[in-house]
Amino acid sequence: MQFRRCALSQSAREERADERSSGRRPLRRAWISVGLMPVILTIALISSEVIYRSAGYEPMATVTLWFDVAVWAFTLALFAVPSVAAMQYGREAYRSGDRRGWVPMLIGSLALVLVLVMAVQAIASSEHL
């Protein structure tokens, strides 16, 4: 009888450990995504500068509106990957019961909105042909 109780409690402990580890996985992925956001933003901005220069534009040169919008859309698309992942995994962690998931969800959404505002401001303030 004693052995049976130990076996049941062992399996119950394993189930609880599985539940905790599966609940932590989305939170861990959300924080990894948050950590990747500055790296991806740097890569996106450097690659957008490379696109401008490969098209023959010098820094602070007057560019066409469609080209400026296309380059910023590319930058936003690159940056959206880790920020949307942070929002998605944060929401998944929050829904699984880990209330800490709202923090990466908030960071991802605010960062994406701020980069979008930066893109709109950059397009609106630059001179276009």
# chains A, B, ... in the order shown; residues from 1 in each chain; ligands from 1
>>> residues_around(residues="Val81 in chain A", least_positions_apart="5", cutoff="12 Å", atoms="only C-alpha atoms", output="MDAnalysis selection string")
chainID A and resid 30 33:34 36:41 44 74:76 86:88 108:109 111:112
>>> residues_around(residues="Ala73 in chain A", least_positions_apart="4", cutoff="12 Å", atoms="only C-alpha atoms", output="VMD selection string")
chain A and resid 44 to 45 48 66 to 69 77 to 80 115 to 116 118 to 120 123
>>> residues_around(residues="Ala55 in chain A", least_positions_apart="4", cutoff="12 Å", atoms="only C-alpha atoms", output="number ranges by chain")
A: 48-51, 59, 61, 63-64, 67-68, 71
>>> closest_residue(among="A:Ser96, A:Glu58, A:Val84, A:Thr42", to="Arg25 in chain A", atoms="only C-alpha atoms")
A:Ser96
>>> closest_residue(among="A:Gly97, A:Trp72, A:Ser126, A:Met105", to="Ile46 in chain A", atoms="only C-alpha atoms")
A:Trp72
>>> atom_distance(atom1="CA of Ala124 in chain A", atom2="CA of Tyr52 in chain A")
17.1 Å
>>> decode(residues="range 93-118 of chain A", atoms="N, CA, C and O atoms", output="JSON list (two decimals), in the first residue's frame")
[["chain", "number", "residue", "atom", "x", "y", "z"],
["A", 93, "ALA", "N", 1.73, 32.69, -22.43],
["A", 93, "ALA", "CA", 2.13, 32.47, -21.03],
["A", 93, "ALA", "C", 1.07, 33.01, -20.09],
["A", 93, "ALA", "O", 0.74, 32.37, -19.08],
["A", 94, "TYR", "N", 0.53, 34.18, -20.40],
["A", 94, "TYR", "CA", -0.50, 34.78, -19.55],
["A", 94, "TYR", "C", -1.76, 33.91, -19.52],
["A", 94, "TYR", "O", -2.36, 33.72, -18.47],
["A", 95, "ARG", "N", -2.13, 33.39, -20.66],
["A", 95, "ARG", "CA", -3.33, 32.54, -20.72],
["A", 95, "ARG", "C", -3.13, 31.20, -20.02],
["A", 95, "ARG", "O", -4.10, 30.58, -19.59],
["A", 96, "SER", "N", -1.87, 30.75, -19.97],
["A", 96, "SER", "CA", -1.62, 29.47, -19.28],
["A", 96, "SER", "C", -1.53, 29.66, -17.77],
["A", 96, "SER", "O", -1.31, 28.70, -17.05],
["A", 97, "GLY", "N", -1.68, 30.88, -17.29],
["A", 97, "GLY", "CA", -1.73, 31.13, -15.86],
["A", 97, "GLY", "C", -0.53, 31.86, -15.30],
["A", 97, "GLY", "O", -0.51, 32.19, -14.12],
["A", 98, "ASP", "N", 0.47, 32.12, -16.10],
["A", 98, "ASP", "CA", 1.65, 32.84, -15.62],
["A", 98, "ASP", "C", 1.43, 34.33, -15.87],
["A", 98, "ASP", "O", 1.51, 34.82, -16.99],
["A", 99, "ARG", "N", 1.14, 35.06, -14.83],
["A", 99, "ARG", "CA", 0.80, 36.47, -14.95],
["A", 99, "ARG", "C", 1.98, 37.34, -15.38],
["A", 99, "ARG", "O", 1.79, 38.48, -15.76],
["A", 100, "ARG", "N", 3.19, 36.80, -15.31],
["A", 100, "ARG", "CA", 4.36, 37.56, -15.76],
["A", 100, "ARG", "C", 4.39, 37.72, -17.27],
["A", 100, "ARG", "O", 5.18, 38.49, -17.79],
["A", 101, "GLY", "N", 3.52, 37.04, -17.99],
["A", 101, "GLY", "CA", 3.49, 37.12, -19.45],
["A", 101, "GLY", "C", 3.05, 38.47, -19.98],
["A", 101, "GLY", "O", 3.32, 38.79, -21.14],
["A", 102, "TRP", "N", 2.40, 39.27, -19.15],
["A", 102, "TRP", "CA", 1.94, 40.58, -19.66],
["A", 102, "TRP", "C", 3.11, 41.53, -19.89],
["A", 102, "TRP", "O", 3.00, 42.44, -20.71],
["A", 103, "VAL", "N", 4.24, 41.33, -19.20],
["A", 103, "VAL", "CA", 5.36, 42.26, -19.33],
["A", 103, "VAL", "C", 6.00, 42.18, -20.72],
["A", 103, "VAL", "O", 6.12, 43.21, -21.40],
["A", 104, "PRO", "N", 6.40, 41.00, -21.23],
["A", 104, "PRO", "CA", 6.93, 40.97, -22.60],
["A", 104, "PRO", "C", 5.88, 41.33, -23.64],
["A", 104, "PRO", "O", 6.22, 41.91, -24.69],
["A", 105, "MET", "N", 4.62, 41.04, -23.34],
["A", 105, "MET", "CA", 3.55, 41.41, -24.26],
["A", 105, "MET", "C", 3.47, 42.94, -24.38],
["A", 105, "MET", "O", 3.37, 43.48, -25.48],
["A", 106, "LEU", "N", 3.58, 43.62, -23.27],
["A", 106, "LEU", "CA", 3.55, 45.08, -23.26],
["A", 106, "LEU", "C", 4.80, 45.67, -23.91],
["A", 106, "LEU", "O", 4.71, 46.61, -24.71],
["A", 107, "ILE", "N", 5.96, 45.11, -23.61],
["A", 107, "ILE", "CA", 7.21, 45.61, -24.19],
["A", 107, "ILE", "C", 7.20, 45.44, -25.71],
["A", 107, "ILE", "O", 7.57, 46.36, -26.45],
["A", 108, "GLY", "N", 6.76, 44.28, -26.19],
["A", 108, "GLY", "CA", 6.71, 44.04, -27.63],
["A", 108, "GLY", "C", 5.77, 44.99, -28.35],
["A", 108, "GLY", "O", 6.09, 45.52, -29.41],
["A", 109, "SER", "N", 4.59, 45.22, -27.77],
["A", 109, "SER", "CA", 3.63, 46.11, -28.43],
["A", 109, "SER", "C", 4.09, 47.56, -28.40],
["A", 109, "SER", "O", 3.98, 48.27, -29.40],
["A", 110, "LEU", "N", 4.63, 48.01, -27.27],
["A", 110, "LEU", "CA", 5.11, 49.39, -27.19],
["A", 110, "LEU", "C", 6.30, 49.63, -28.12],
["A", 110, "LEU", "O", 6.39, 50.68, -28.77],
["A", 111, "ALA", "N", 7.20, 48.67, -28.19],
["A", 111, "ALA", "CA", 8.37, 48.82, -29.06],
["A", 111, "ALA", "C", 7.95, 48.89, -30.52],
["A", 111, "ALA", "O", 8.47, 49.71, -31.29],
["A", 112, "LEU", "N", 7.00, 48.06, -30.91],
["A", 112, "LEU", "CA", 6.53, 48.08, -32.30],
["A", 112, "LEU", "C", 5.85, 49.41, -32.62],
["A", 112, "LEU", "O", 6.07, 49.99, -33.69],
["A", 113, "VAL", "N", 5.04, 49.91, -31.70],
["A", 113, "VAL", "CA", 4.37, 51.20, -31.92],
["A", 113, "VAL", "C", 5.40, 52.33, -32.00],
["A", 113, "VAL", "O", 5.30, 53.22, -32.86],
["A", 114, "LEU", "N", 6.41, 52.30, -31.14],
["A", 114, "LEU", "CA", 7.43, 53.35, -31.17],
["A", 114, "LEU", "C", 8.25, 53.33, -32.46],
["A", 114, "LEU", "O", 8.57, 54.38, -33.01],
["A", 115, "VAL", "N", 8.57, 52.15, -32.97],
["A", 115, "VAL", "CA", 9.30, 52.07, -34.24],
["A", 115, "VAL", "C", 8.40, 52.53, -35.39],
["A", 115, "VAL", "O", 8.86, 53.20, -36.32],
["A", 116, "LEU", "N", 7.11, 52.23, -35.32],
["A", 116, "LEU", "CA", 6.18, 52.71, -36.34],
["A", 116, "LEU", "C", 6.09, 54.24, -36.31],
["A", 116, "LEU", "O", 6.10, 54.88, -37.36],
["A", 117, "VAL", "N", 6.03, 54.81, -35.11],
["A", 117, "VAL", "CA", 6.00, 56.28, -34.99],
["A", 117, "VAL", "C", 7.30, 56.88, -35.52],
["A", 117, "VAL", "O", 7.29, 57.89, -36.22],
["A", 118, "MET", "N", 8.43, 56.23, -35.23],
["A", 118, "MET", "CA", 9.71, 56.70, -35.73],
["A", 118, "MET", "C", 9.75, 56.66, -37.26],
["A", 118, "MET", "O", 10.24, 57.59, -37.90]]
